[in-house]
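Coordinates from start-v7.txt are shown below (compact mmCIF, C-alpha atoms and all ligand atoms).
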```txt
# COMPACT_ATOMS: atom_id res chain seq x y z
CA MET A 548 -27.10 1.87 6.10
CA ARG A 549 -24.27 2.07 3.62
CA GLU A 550 -23.39 5.61 4.54
CA HIS A 551 -19.72 5.10 5.07
CA GLY A 552 -17.35 6.21 2.41
CA PHE A 553 -16.37 4.30 -0.64
CA VAL A 554 -14.73 5.00 -3.96
CA THR A 555 -16.64 4.85 -7.22
CA LYS A 556 -15.62 5.02 -10.83
CA ASP A 557 -16.33 8.72 -11.07
CA SER A 558 -13.66 9.65 -8.59
CA VAL A 559 -9.92 10.02 -8.12
CA VAL A 560 -7.78 7.61 -6.12
CA ILE A 561 -4.08 8.00 -5.29
CA VAL A 562 -1.85 4.90 -5.22
CA THR A 563 1.64 5.34 -3.74
CA GLY A 564 4.45 2.97 -4.62
CA ALA A 565 2.65 2.47 -7.94
CA GLY A 566 5.88 1.51 -9.68
CA GLY A 567 6.18 -1.63 -7.56
CA GLY A 568 4.51 -5.01 -7.61
CA ILE A 569 1.35 -4.50 -5.56
CA GLY A 570 1.06 -0.79 -6.40
CA SER A 571 1.25 -1.33 -10.15
CA ALA A 572 -1.31 -4.15 -10.08
CA THR A 573 -3.60 -2.02 -7.90
CA ALA A 574 -3.34 1.02 -10.15
CA LEU A 575 -4.19 -1.14 -13.17
CA LYS A 576 -7.16 -2.75 -11.40
CA LEU A 577 -8.62 0.59 -10.23
CA ALA A 578 -8.09 2.18 -13.66
CA SER A 579 -9.87 -0.80 -15.25
CA LEU A 580 -12.84 -0.05 -12.98
CA GLY A 581 -13.03 3.47 -14.42
CA MET A 582 -11.40 5.36 -11.57
CA THR A 583 -8.98 8.18 -12.30
CA VAL A 584 -5.81 6.81 -10.74
CA VAL A 585 -2.98 9.08 -9.65
CA THR A 586 0.12 6.89 -9.59
CA VAL A 587 2.97 7.98 -7.32
CA ASP A 588 6.49 6.61 -7.03
CA LYS A 589 9.96 8.05 -6.55
CA ASN A 590 11.39 5.62 -9.10
CA GLU A 591 10.55 7.33 -12.38
CA SER A 592 11.36 4.41 -14.68
CA GLN A 593 9.17 2.03 -12.68
CA LEU A 594 6.42 4.66 -12.62
CA SER A 595 6.65 4.98 -16.42
CA ALA A 596 6.40 1.20 -16.73
CA THR A 597 3.13 1.31 -14.76
CA THR A 598 1.80 4.16 -16.92
CA LYS A 599 2.60 2.09 -20.03
CA ARG A 600 1.05 -1.05 -18.55
CA ILE A 601 -2.21 0.84 -17.84
CA ALA A 602 -2.18 2.52 -21.27
CA ASP A 603 -1.49 -0.81 -23.03
CA ALA A 604 -4.59 -2.20 -21.30
CA GLY A 605 -6.62 0.70 -22.73
CA PHE A 606 -6.94 2.81 -19.58
CA LYS A 607 -5.54 6.12 -18.36
CA SER A 608 -3.64 7.25 -15.30
CA VAL A 609 -1.94 10.39 -14.04
CA ALA A 610 1.67 9.76 -12.98
CA ILE A 611 3.45 11.97 -10.45
CA ALA A 612 7.06 11.27 -9.51
CA ALA A 613 7.35 12.02 -5.81
CA ASP A 614 9.08 10.95 -2.63
CA VAL A 615 6.42 10.18 -0.02
CA THR A 616 8.84 10.97 2.80
CA SER A 617 8.88 14.61 1.63
CA GLU A 618 6.14 16.77 3.13
CA ASP A 619 6.30 19.11 0.12
CA ASP A 620 5.96 16.22 -2.32
CA CYS A 621 2.95 14.81 -0.41
CA LYS A 622 1.25 18.23 -0.49
CA LYS A 623 2.02 18.56 -4.21
CA VAL A 624 0.57 15.11 -5.03
CA CYS A 625 -2.63 15.66 -3.03
CA ASN A 626 -3.22 19.12 -4.42
CA ALA A 627 -2.66 17.91 -7.98
CA ALA A 628 -5.02 14.96 -7.41
CA SER A 629 -7.71 17.35 -6.20
CA THR A 630 -7.66 19.44 -9.37
CA LEU A 631 -8.49 16.74 -11.93
CA GLY A 632 -12.16 17.69 -12.21
CA LEU A 633 -13.43 14.70 -10.21
CA PRO A 634 -13.65 14.27 -6.43
CA LEU A 635 -10.63 12.81 -4.67
CA LYS A 636 -12.16 9.94 -2.68
CA GLY A 637 -9.47 7.32 -2.24
CA LEU A 638 -5.89 6.90 -1.07
CA VAL A 639 -3.86 3.69 -1.11
CA ASN A 640 -0.79 4.15 1.10
CA ASN A 641 1.29 1.34 -0.36
CA ALA A 642 4.87 2.60 -0.83
CA ALA A 643 7.46 0.98 1.43
CA VAL A 644 10.89 -0.59 1.44
CA GLY A 645 11.94 -4.01 2.67
CA ALA A 646 14.56 -4.05 5.42
CA PHE A 647 16.34 -7.23 6.41
CA ASN A 648 19.33 -8.18 8.57
CA MET A 649 18.31 -5.36 10.86
CA SER A 650 18.00 -6.37 14.46
CA VAL A 651 18.02 -3.44 16.90
CA GLU A 652 21.79 -3.79 17.40
CA GLN A 653 22.51 -4.12 13.68
CA THR A 654 20.55 -0.97 12.80
CA SER A 655 22.01 2.53 12.92
CA LEU A 656 19.79 5.39 14.01
CA ASP A 657 19.94 6.82 10.47
CA GLU A 658 18.72 3.52 8.99
CA TRP A 659 15.99 3.23 11.61
CA ASN A 660 14.80 6.78 10.86
CA ARG A 661 14.94 6.16 7.10
CA ILE A 662 12.80 3.03 7.24
CA ILE A 663 10.29 4.48 9.69
CA ALA A 664 10.04 7.57 7.46
CA ILE A 665 9.22 5.52 4.34
CA ASN A 666 7.14 2.76 5.92
CA LEU A 667 5.19 4.72 8.55
CA THR A 668 5.62 8.51 8.50
CA SER A 669 4.80 8.67 4.78
CA LEU A 670 1.31 7.29 5.51
CA PHE A 671 0.81 10.07 8.05
CA LEU A 672 1.96 12.70 5.54
CA MET A 673 -0.05 11.46 2.57
CA SER A 674 -3.17 11.05 4.72
CA LYS A 675 -2.73 14.49 6.30
CA TYR A 676 -2.74 16.22 2.91
CA ALA A 677 -5.31 14.00 1.17
CA LEU A 678 -7.88 14.15 3.97
CA PRO A 679 -9.17 17.72 3.48
CA HIS A 680 -9.93 16.84 -0.15
CA ILE A 681 -11.57 13.49 0.68
CA ARG A 682 -13.70 15.18 3.34
CA GLU A 683 -14.68 17.91 0.88
CA ALA A 684 -15.70 15.17 -1.59
CA GLY A 685 -18.19 13.85 0.98
CA GLY A 686 -16.11 10.93 2.21
CA GLY A 687 -14.15 8.00 0.85
CA ALA A 688 -11.69 5.36 1.93
CA ILE A 689 -8.01 5.02 2.79
CA ILE A 690 -6.13 1.73 2.59
CA ASN A 691 -2.92 1.49 4.63
CA VAL A 692 -0.75 -1.38 3.44
CA SER A 693 0.90 -3.12 6.39
CA SER A 694 2.14 -6.73 6.51
CA VAL A 695 1.76 -9.98 8.42
CA HIS A 696 4.83 -8.64 10.27
CA ALA A 697 2.34 -6.52 12.27
CA TYR A 698 1.19 -9.82 13.88
CA ALA A 699 4.00 -12.36 13.72
CA THR A 700 7.50 -11.74 12.56
CA SER A 701 11.03 -13.06 12.11
CA THR A 702 14.56 -12.20 13.08
CA GLY A 703 16.33 -9.15 11.72
CA VAL A 704 13.37 -6.97 10.78
CA ALA A 705 13.17 -4.54 13.73
CA PRO A 706 12.37 -1.30 11.86
CA TYR A 707 10.18 -3.02 9.25
CA ALA A 708 8.07 -4.88 11.83
CA ALA A 709 7.85 -1.82 14.08
CA ALA A 710 6.65 0.32 11.17
CA LYS A 711 4.11 -2.26 10.02
CA GLY A 712 2.73 -2.62 13.56
CA GLY A 713 2.51 1.16 13.62
CA VAL A 714 0.53 1.15 10.37
CA LEU A 715 -2.10 -1.10 11.98
CA ALA A 716 -2.36 1.12 15.08
CA LEU A 717 -2.47 4.25 12.91
CA THR A 718 -5.32 2.72 10.92
CA ARG A 719 -7.38 2.17 14.08
CA THR A 720 -7.01 5.71 15.37
CA MET A 721 -7.58 7.28 11.94
CA ALA A 722 -10.78 5.26 11.54
CA LEU A 723 -12.09 6.58 14.86
CA ASP A 724 -11.20 10.18 14.01
CA LEU A 725 -12.67 10.05 10.53
CA ALA A 726 -15.90 8.05 10.89
CA LYS A 727 -17.88 11.27 11.33
CA ASP A 728 -16.63 12.40 7.92
CA LYS A 729 -17.73 9.17 6.22
CA ILE A 730 -14.13 8.15 5.63
CA ARG A 731 -13.27 4.50 6.24
CA VAL A 732 -9.68 3.51 7.00
CA ILE A 733 -8.60 -0.08 6.45
CA CYS A 734 -5.30 -1.83 6.95
CA LEU A 735 -4.21 -4.54 4.50
CA ALA A 736 -1.82 -7.13 5.90
CA PRO A 737 -0.43 -9.23 3.04
CA GLY A 738 1.58 -12.40 3.36
CA ALA A 739 4.22 -13.23 0.73
CA VAL A 740 3.58 -11.58 -2.63
CA ASN A 741 5.61 -12.10 -5.80
CA THR A 742 7.09 -8.61 -6.19
CA PRO A 743 10.55 -7.07 -6.51
CA MET A 744 10.59 -6.56 -2.71
CA LEU A 745 10.22 -10.29 -2.01
CA GLN A 746 12.60 -11.30 -4.81
CA GLN A 747 15.28 -8.90 -3.52
CA HIS A 748 14.94 -10.53 -0.10
CA ALA A 749 15.51 -13.99 -1.62
CA ASP A 750 18.46 -12.73 -3.69
CA ARG A 751 20.09 -11.19 -0.61
CA GLU A 752 19.70 -14.44 1.30
CA GLY A 753 20.99 -16.45 -1.68
CA LYS A 754 17.96 -18.73 -1.39
CA THR A 755 14.94 -19.58 -3.46
CA LEU A 756 11.54 -18.47 -2.23
CA ALA A 757 10.70 -22.12 -1.53
CA GLU A 758 13.83 -22.41 0.62
CA LEU A 759 12.68 -19.34 2.53
CA GLY A 760 9.48 -21.20 3.40
CA PHE A 761 7.17 -19.83 0.72
CA PRO A 762 5.79 -22.66 -1.43
CA ALA A 763 4.59 -21.86 -4.93
CA GLY A 764 1.87 -24.49 -5.33
CA SER A 765 -1.52 -22.97 -6.03
CA SER A 766 -3.18 -24.83 -3.13
CA ASP A 767 -0.32 -24.57 -0.64
CA ILE A 768 -0.90 -22.78 2.66
CA ALA A 769 1.36 -19.71 2.85
CA ARG A 770 1.91 -19.78 -0.91
CA ILE A 771 3.22 -16.72 -2.73
CA ALA A 772 0.45 -14.51 -4.07
CA ASP A 773 0.24 -12.85 -7.43
CA PRO A 774 0.16 -9.03 -6.91
CA ALA A 775 -3.19 -8.97 -8.73
CA GLU A 776 -4.72 -10.89 -5.82
CA LEU A 777 -3.80 -8.05 -3.47
CA ALA A 778 -5.07 -5.52 -6.01
CA ASP A 779 -8.44 -7.31 -5.91
CA THR A 780 -8.49 -7.10 -2.11
CA ILE A 781 -7.63 -3.38 -2.15
CA SER A 782 -10.28 -2.75 -4.78
CA PHE A 783 -12.86 -4.56 -2.60
CA ALA A 784 -11.78 -2.61 0.51
CA LEU A 785 -12.28 0.71 -1.31
CA SER A 786 -15.68 -0.28 -2.69
CA LYS A 787 -19.30 -0.06 -1.59
CA GLU A 788 -19.10 -3.82 -0.91
CA ALA A 789 -16.92 -3.06 2.13
CA THR A 790 -18.87 -0.30 3.89
CA PHE A 791 -18.96 -2.19 7.22
CA ILE A 792 -15.16 -2.52 7.37
CA THR A 793 -13.20 0.25 9.05
CA GLY A 794 -10.51 0.46 11.72
CA SER A 795 -9.41 -3.12 11.20
CA ALA A 796 -7.13 -5.19 9.04
CA ILE A 797 -7.85 -7.47 6.16
CA VAL A 798 -5.26 -10.23 6.46
CA ALA A 799 -4.63 -11.56 2.95
CA ASP A 800 -1.89 -14.10 3.55
CA GLY A 801 -2.91 -17.41 1.98
CA GLY A 802 -3.16 -18.93 5.45
CA LEU A 803 0.35 -17.97 6.59
CA LEU A 804 -0.70 -16.79 10.07
CA ALA A 805 -2.94 -19.81 10.57
CA LYS A 806 0.08 -22.11 10.59
CA PHE A 807 2.64 -23.01 13.30
N1 LIG B 1 5.88 -8.36 -1.38
C1 LIG B 1 5.52 -8.86 -0.22
O1 LIG B 1 5.73 -10.08 0.03
C2 LIG B 1 4.83 -8.02 0.81
C3 LIG B 1 4.36 -8.66 1.95
C4 LIG B 1 3.70 -7.90 2.93
C5 LIG B 1 3.54 -6.54 2.75
N2 LIG B 1 4.03 -5.93 1.63
C6 LIG B 1 3.82 -4.49 1.52
O2 LIG B 1 3.16 -4.21 0.30
C7 LIG B 1 3.53 -2.90 -0.15
C8 LIG B 1 4.02 -2.96 -1.58
O3 LIG B 1 5.16 -3.80 -1.60
P1 LIG B 1 5.72 -4.49 -2.92
O4 LIG B 1 6.06 -5.87 -2.54
O5 LIG B 1 4.82 -4.22 -4.07
O6 LIG B 1 7.09 -3.69 -3.03
P2 LIG B 1 7.90 -3.11 -4.29
O7 LIG B 1 9.28 -2.94 -3.81
O8 LIG B 1 7.62 -3.91 -5.50
O9 LIG B 1 7.18 -1.68 -4.49
C9 LIG B 1 7.33 -0.62 -3.57
C10 LIG B 1 7.37 0.66 -4.36
O10 LIG B 1 7.46 1.76 -3.44
C11 LIG B 1 8.32 2.73 -4.01
N3 LIG B 1 8.88 3.60 -2.97
C12 LIG B 1 9.76 3.25 -2.02
N4 LIG B 1 10.09 4.33 -1.29
C13 LIG B 1 9.38 5.38 -1.80
C14 LIG B 1 9.32 6.75 -1.49
N5 LIG B 1 10.04 7.28 -0.49
N6 LIG B 1 8.49 7.54 -2.21
C15 LIG B 1 7.77 7.03 -3.23
N7 LIG B 1 7.81 5.73 -3.58
C16 LIG B 1 8.62 4.92 -2.88
C17 LIG B 1 9.40 1.92 -4.70
O11 LIG B 1 10.10 2.70 -5.67
C18 LIG B 1 8.60 0.78 -5.29
O12 LIG B 1 8.19 1.03 -6.61
C19 LIG B 1 4.58 -2.41 0.86
O13 LIG B 1 3.94 -1.61 1.83
C20 LIG B 1 5.09 -3.69 1.47
O14 LIG B 1 5.66 -3.48 2.76
C21 LIG B 1 4.67 -6.64 0.66
```

Could the structure of this file be written out as structure tokens, please?
Ligand SMILES: NC(=O)c1ccc[n+]([C@@H]2O[C@H](COP(=O)([O-])OP(=O)(O)OC[C@H]3O[C@@H](n4cnc5c(N)ncnc54)[C@H](O)[C@@H]3O)[C@@H](O)[C@H]2O)c1
Amino acid sequence: MREHGFVTKDSVVIVTGAGGGIGSATALKLASLGMTVVTVDKNESQLSATTKRIADAGFKSVAIAADVTSEDDCKKVCNAASTLGLPLKGLVNNAAVGAFNMSVEQTSLDEWNRIIAINLTSLFLMSKYALPHIREAGGGAIINVSSVHAYATSTGVAPYAAAKGGVLALTRTMALDLAKDKIRVICLAPGAVNTPMLQQHADREGKTLAELGFPAGSSDIARIADPAELADTISFALSKEATFITGSAIVADGGLLAKF
């Protein structure tokens, strides 16, 4: 029985961090499928660039500048998304910041709290205020974007890895709580993706992406993905094709975790 929630073209879906690499590609993909996409980002110029990208492709979106660490902003976004004349059925919790050179001892409490707020607490806040509307719409799906850092990690990423592990655990418990409401909750754990976040990491290290261990060849294991590849995965996870997936992660990493 395909009773569990999914998102169709006649519904509204919110994408946070829609001004960034994966968020912009996801918003474009979902808009191209006929969904009404509410794009959210705190960076207004990047958000406008996504709006233009979607419009240039012949589709529409509704942009809301908001900070997903603000409870008031999250309420505002969810309420606005629920008054567009179509049911709010989907939420893609994608916004996050990279955080490097941050071992436990290198990280101040303020920095720790800031990164956990953006990369973990914001998913709690957005979900909290979207859920009543998704339930009222008869169900739907939430995608929580985590990272391979939830499974295997590197030095100097204490708050980032802790937050991304938390996103996976949050996904499991949300899926259990929400199954009765026909709401699926899925975690996406990407490997390396060609976005501003990854490029900023390379720039900070003064290395190329290849030197950081991410090959660019199209058949290389652990290659760098195009953001559109993650958008396709998110679109699948939201859809009726994925009704048996909830409470678990889709690892989309080009084989990164398969490798020593
Ligand atoms: N790029 C990668 O290699 C990679 C790998 C694994 C996981 N991820 C995850 O994928 C997701 C998207 O990452 P990306 O690479 O597209 O990053 P990105 O930096 O290109 O985009 C992130 C977007 O989030 C926005 N944002 C940050 N803080 C915000 C806030 N408080 N309120 C609203 N918006 C805010 C930024 O302005 C930016 O537009 C993130 O969750 C990231 O952790 C990325």

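With distances restricted to all atoms listed in the file, A:Asp800 is the closest residue to ligand LIG 1 (chain B) from A:Asp557, A:Asp728, A:Asp750, A:Asp800.
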
Let me have all residues with an atom within 6 Å of ligand LIG 1 (chain B), counting all atoms listed in the file, laid out as JSON, numbers by chain. {"A": [564, 565, 566, 567, 568, 569, 570, 588, 589, 590, 613, 614, 615, 616, 641, 642, 643, 644, 665, 692, 693, 694, 737, 738, 739, 740, 741, 742, 743, 744, 745]}

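As for CA of Ile663 (chain A) and CA of Leu635 (chain A), they are spaced 26.7 Å apart.
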
Leu756 (chain A) surroundings by all atoms listed in the file, 9 Å radius, close-in-sequence under 4 positions cut, as a ChimeraX atom specification: /A:745-746,748-749,760-763,771

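Minimum distance to Ala778 (chain A) across A:Ala664, A:Ala596, A:Leu735, A:Ala722 (counting all atoms listed in the file) occurs at A:Leu735.
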
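Compared by their closest atoms to Leu725 (chain A), and using only C-alpha atoms, the residues A:Ala628, A:His551, A:Leu575, A:Ser650 rank with A:His551 nearest.
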
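From CA of Ile681 (chain A) back to CA of Ile730 (chain A), the distance works out to 7.7 Å.
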
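The coordinates place CA of Val559 (chain A) at 19.0 Å from CA of Lys599 (chain A).
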
For Leu803 (chain A), list every protein, DNA or RNA residue within 9 Å, evaluated using all atoms listed in the file, and leave out those in the same chain fewer than 2 positions away; present the list as a tab-separated table (two decimals) with C-alpha atoms, keeping the file's coordinate frame.
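result.tsv written:
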```tsv
chain	number	residue	atom	x	y	z
A	695	VAL	CA	1.76	-9.98	8.42
A	738	GLY	CA	1.58	-12.40	3.36
A	739	ALA	CA	4.22	-13.23	0.73
A	768	ILE	CA	-0.90	-22.78	2.66
A	769	ALA	CA	1.36	-19.71	2.85
A	770	ARG	CA	1.91	-19.78	-0.91
A	799	ALA	CA	-4.63	-11.56	2.95
A	800	ASP	CA	-1.89	-14.10	3.55
A	801	GLY	CA	-2.91	-17.41	1.98
A	805	ALA	CA	-2.94	-19.81	10.57
A	806	LYS	CA	0.08	-22.11	10.59
A	807	PHE	CA	2.64	-23.01	13.30
```

Which residues are close to region 788-796 of chain A, i.e. within 8 Å by only C-alpha atoms, leaving aside same-chain residues fewer than 6 positions away? Reply as a PDB file with C-alpha atoms, keeping the file's coordinate frame.
```pdb
ATOM      1  CA  ARG A 549     -24.270   2.070   3.620  1.00  0.00           C
ATOM      2  CA  GLU A 550     -23.390   5.610   4.540  1.00  0.00           C
ATOM      3  CA  HIS A 551     -19.720   5.100   5.070  1.00  0.00           C
ATOM      4  CA  GLY A 552     -17.350   6.210   2.410  1.00  0.00           C
ATOM      5  CA  PHE A 553     -16.370   4.300  -0.640  1.00  0.00           C
ATOM      6  CA  LEU A 715      -2.100  -1.100  11.980  1.00  0.00           C
ATOM      7  CA  THR A 718      -5.320   2.720  10.920  1.00  0.00           C
ATOM      8  CA  ARG A 719      -7.380   2.170  14.080  1.00  0.00           C
ATOM      9  CA  THR A 720      -7.010   5.710  15.370  1.00  0.00           C
ATOM     10  CA  MET A 721      -7.580   7.280  11.940  1.00  0.00           C
ATOM     11  CA  ALA A 722     -10.780   5.260  11.540  1.00  0.00           C
ATOM     12  CA  LEU A 723     -12.090   6.580  14.860  1.00  0.00           C
ATOM     13  CA  ARG A 731     -13.270   4.500   6.240  1.00  0.00           C
ATOM     14  CA  VAL A 732      -9.680   3.510   7.000  1.00  0.00           C
ATOM     15  CA  ILE A 733      -8.600  -0.080   6.450  1.00  0.00           C
ATOM     16  CA  CYS A 734      -5.300  -1.830   6.950  1.00  0.00           C
ATOM     17  CA  LEU A 735      -4.210  -4.540   4.500  1.00  0.00           C
ATOM     18  CA  ALA A 736      -1.820  -7.130   5.900  1.00  0.00           C
TER      19      ALA A 736
END
```

As a PDB file, keeping the file's coordinate frame, please: region 561-588 of chain A completed to N, CA and C atoms.
```
ATOM      1  N   ILE A 561      -5.547   7.939  -5.239  1.00  0.00           N
ATOM      2  CA  ILE A 561      -4.080   8.000  -5.290  1.00  0.00           C
ATOM      3  C   ILE A 561      -3.514   6.653  -4.855  1.00  0.00           C
ATOM      4  N   VAL A 562      -2.539   6.143  -5.608  1.00  0.00           N
ATOM      5  CA  VAL A 562      -1.850   4.900  -5.220  1.00  0.00           C
ATOM      6  C   VAL A 562      -0.362   5.224  -5.103  1.00  0.00           C
ATOM      7  N   THR A 563       0.196   5.111  -3.900  1.00  0.00           N
ATOM      8  CA  THR A 563       1.640   5.340  -3.740  1.00  0.00           C
ATOM      9  C   THR A 563       2.405   4.022  -3.947  1.00  0.00           C
ATOM     10  N   GLY A 564       3.664   4.162  -4.316  1.00  0.00           N
ATOM     11  CA  GLY A 564       4.450   2.970  -4.620  1.00  0.00           C
ATOM     12  C   GLY A 564       3.917   2.254  -5.848  1.00  0.00           C
ATOM     13  N   ALA A 565       3.344   3.053  -6.776  1.00  0.00           N
ATOM     14  CA  ALA A 565       2.650   2.470  -7.940  1.00  0.00           C
ATOM     15  C   ALA A 565       3.615   1.907  -8.971  1.00  0.00           C
ATOM     16  N   GLY A 566       4.913   2.132  -8.781  1.00  0.00           N
ATOM     17  CA  GLY A 566       5.880   1.510  -9.680  1.00  0.00           C
ATOM     18  C   GLY A 566       6.230   0.093  -9.256  1.00  0.00           C
ATOM     19  N   GLY A 567       5.814  -0.308  -8.075  1.00  0.00           N
ATOM     20  CA  GLY A 567       6.180  -1.630  -7.560  1.00  0.00           C
ATOM     21  C   GLY A 567       5.130  -2.690  -7.839  1.00  0.00           C
ATOM     22  N   GLY A 568       5.352  -3.862  -7.277  1.00  0.00           N
ATOM     23  CA  GLY A 568       4.510  -5.010  -7.610  1.00  0.00           C
ATOM     24  C   GLY A 568       3.047  -4.818  -7.254  1.00  0.00           C
ATOM     25  N   ILE A 569       2.755  -4.619  -5.983  1.00  0.00           N
ATOM     26  CA  ILE A 569       1.350  -4.500  -5.560  1.00  0.00           C
ATOM     27  C   ILE A 569       0.759  -3.175  -6.042  1.00  0.00           C
ATOM     28  N   GLY A 570       1.561  -2.096  -5.993  1.00  0.00           N
ATOM     29  CA  GLY A 570       1.060  -0.790  -6.400  1.00  0.00           C
ATOM     30  C   GLY A 570       0.690  -0.742  -7.876  1.00  0.00           C
ATOM     31  N   SER A 571       1.522  -1.336  -8.714  1.00  0.00           N
ATOM     32  CA  SER A 571       1.250  -1.330 -10.150  1.00  0.00           C
ATOM     33  C   SER A 571      -0.019  -2.140 -10.460  1.00  0.00           C
ATOM     34  N   ALA A 572      -0.124  -3.305  -9.842  1.00  0.00           N
ATOM     35  CA  ALA A 572      -1.310  -4.150 -10.080  1.00  0.00           C
ATOM     36  C   ALA A 572      -2.572  -3.449  -9.569  1.00  0.00           C
ATOM     37  N   THR A 573      -2.438  -2.731  -8.460  1.00  0.00           N
ATOM     38  CA  THR A 573      -3.600  -2.020  -7.900  1.00  0.00           C
ATOM     39  C   THR A 573      -4.010  -0.862  -8.790  1.00  0.00           C
ATOM     40  N   ALA A 574      -3.030  -0.104  -9.267  1.00  0.00           N
ATOM     41  CA  ALA A 574      -3.340   1.020 -10.150  1.00  0.00           C
ATOM     42  C   ALA A 574      -4.060   0.522 -11.409  1.00  0.00           C
ATOM     43  N   LEU A 575      -3.561  -0.582 -11.967  1.00  0.00           N
ATOM     44  CA  LEU A 575      -4.190  -1.140 -13.170  1.00  0.00           C
ATOM     45  C   LEU A 575      -5.633  -1.578 -12.867  1.00  0.00           C
ATOM     46  N   LYS A 576      -5.819  -2.256 -11.763  1.00  0.00           N
ATOM     47  CA  LYS A 576      -7.160  -2.750 -11.400  1.00  0.00           C
ATOM     48  C   LYS A 576      -8.139  -1.575 -11.231  1.00  0.00           C
ATOM     49  N   LEU A 577      -7.712  -0.541 -10.493  1.00  0.00           N
ATOM     50  CA  LEU A 577      -8.620   0.590 -10.230  1.00  0.00           C
ATOM     51  C   LEU A 577      -8.895   1.362 -11.514  1.00  0.00           C
ATOM     52  N   ALA A 578      -7.874   1.507 -12.366  1.00  0.00           N
ATOM     53  CA  ALA A 578      -8.090   2.180 -13.660  1.00  0.00           C
ATOM     54  C   ALA A 578      -9.074   1.377 -14.506  1.00  0.00           C
ATOM     55  N   SER A 579      -8.972   0.053 -14.440  1.00  0.00           N
ATOM     56  CA  SER A 579      -9.870  -0.800 -15.250  1.00  0.00           C
ATOM     57  C   SER A 579     -11.320  -0.693 -14.768  1.00  0.00           C
ATOM     58  N   LEU A 580     -11.497  -0.248 -13.519  1.00  0.00           N
ATOM     59  CA  LEU A 580     -12.840  -0.050 -12.980  1.00  0.00           C
ATOM     60  C   LEU A 580     -13.379   1.344 -13.289  1.00  0.00           C
ATOM     61  N   GLY A 581     -12.578   2.149 -13.989  1.00  0.00           N
ATOM     62  CA  GLY A 581     -13.030   3.470 -14.420  1.00  0.00           C
ATOM     63  C   GLY A 581     -12.647   4.591 -13.476  1.00  0.00           C
ATOM     64  N   MET A 582     -11.846   4.285 -12.461  1.00  0.00           N
ATOM     65  CA  MET A 582     -11.400   5.360 -11.570  1.00  0.00           C
ATOM     66  C   MET A 582     -10.259   6.130 -12.230  1.00  0.00           C
ATOM     67  N   THR A 583     -10.130   7.400 -11.862  1.00  0.00           N
ATOM     68  CA  THR A 583      -8.980   8.180 -12.300  1.00  0.00           C
ATOM     69  C   THR A 583      -7.879   7.950 -11.273  1.00  0.00           C
ATOM     70  N   VAL A 584      -6.846   7.232 -11.686  1.00  0.00           N
ATOM     71  CA  VAL A 584      -5.810   6.810 -10.740  1.00  0.00           C
ATOM     72  C   VAL A 584      -4.599   7.731 -10.863  1.00  0.00           C
ATOM     73  N   VAL A 585      -4.212   8.300  -9.726  1.00  0.00           N
ATOM     74  CA  VAL A 585      -2.980   9.080  -9.650  1.00  0.00           C
ATOM     75  C   VAL A 585      -1.901   8.136  -9.121  1.00  0.00           C
ATOM     76  N   THR A 586      -0.943   7.827  -9.978  1.00  0.00           N
ATOM     77  CA  THR A 586       0.120   6.890  -9.590  1.00  0.00           C
ATOM     78  C   THR A 586       1.320   7.680  -9.085  1.00  0.00           C
ATOM     79  N   VAL A 587       1.876   7.260  -7.971  1.00  0.00           N
ATOM     80  CA  VAL A 587       2.970   7.980  -7.320  1.00  0.00           C
ATOM     81  C   VAL A 587       4.107   7.017  -7.032  1.00  0.00           C
ATOM     82  N   ASP A 588       5.314   7.401  -7.399  1.00  0.00           N
ATOM     83  CA  ASP A 588       6.490   6.610  -7.030  1.00  0.00           C
ATOM     84  C   ASP A 588       7.709   7.524  -7.152  1.00  0.00           C
TER      85      ASP A 588
END
```
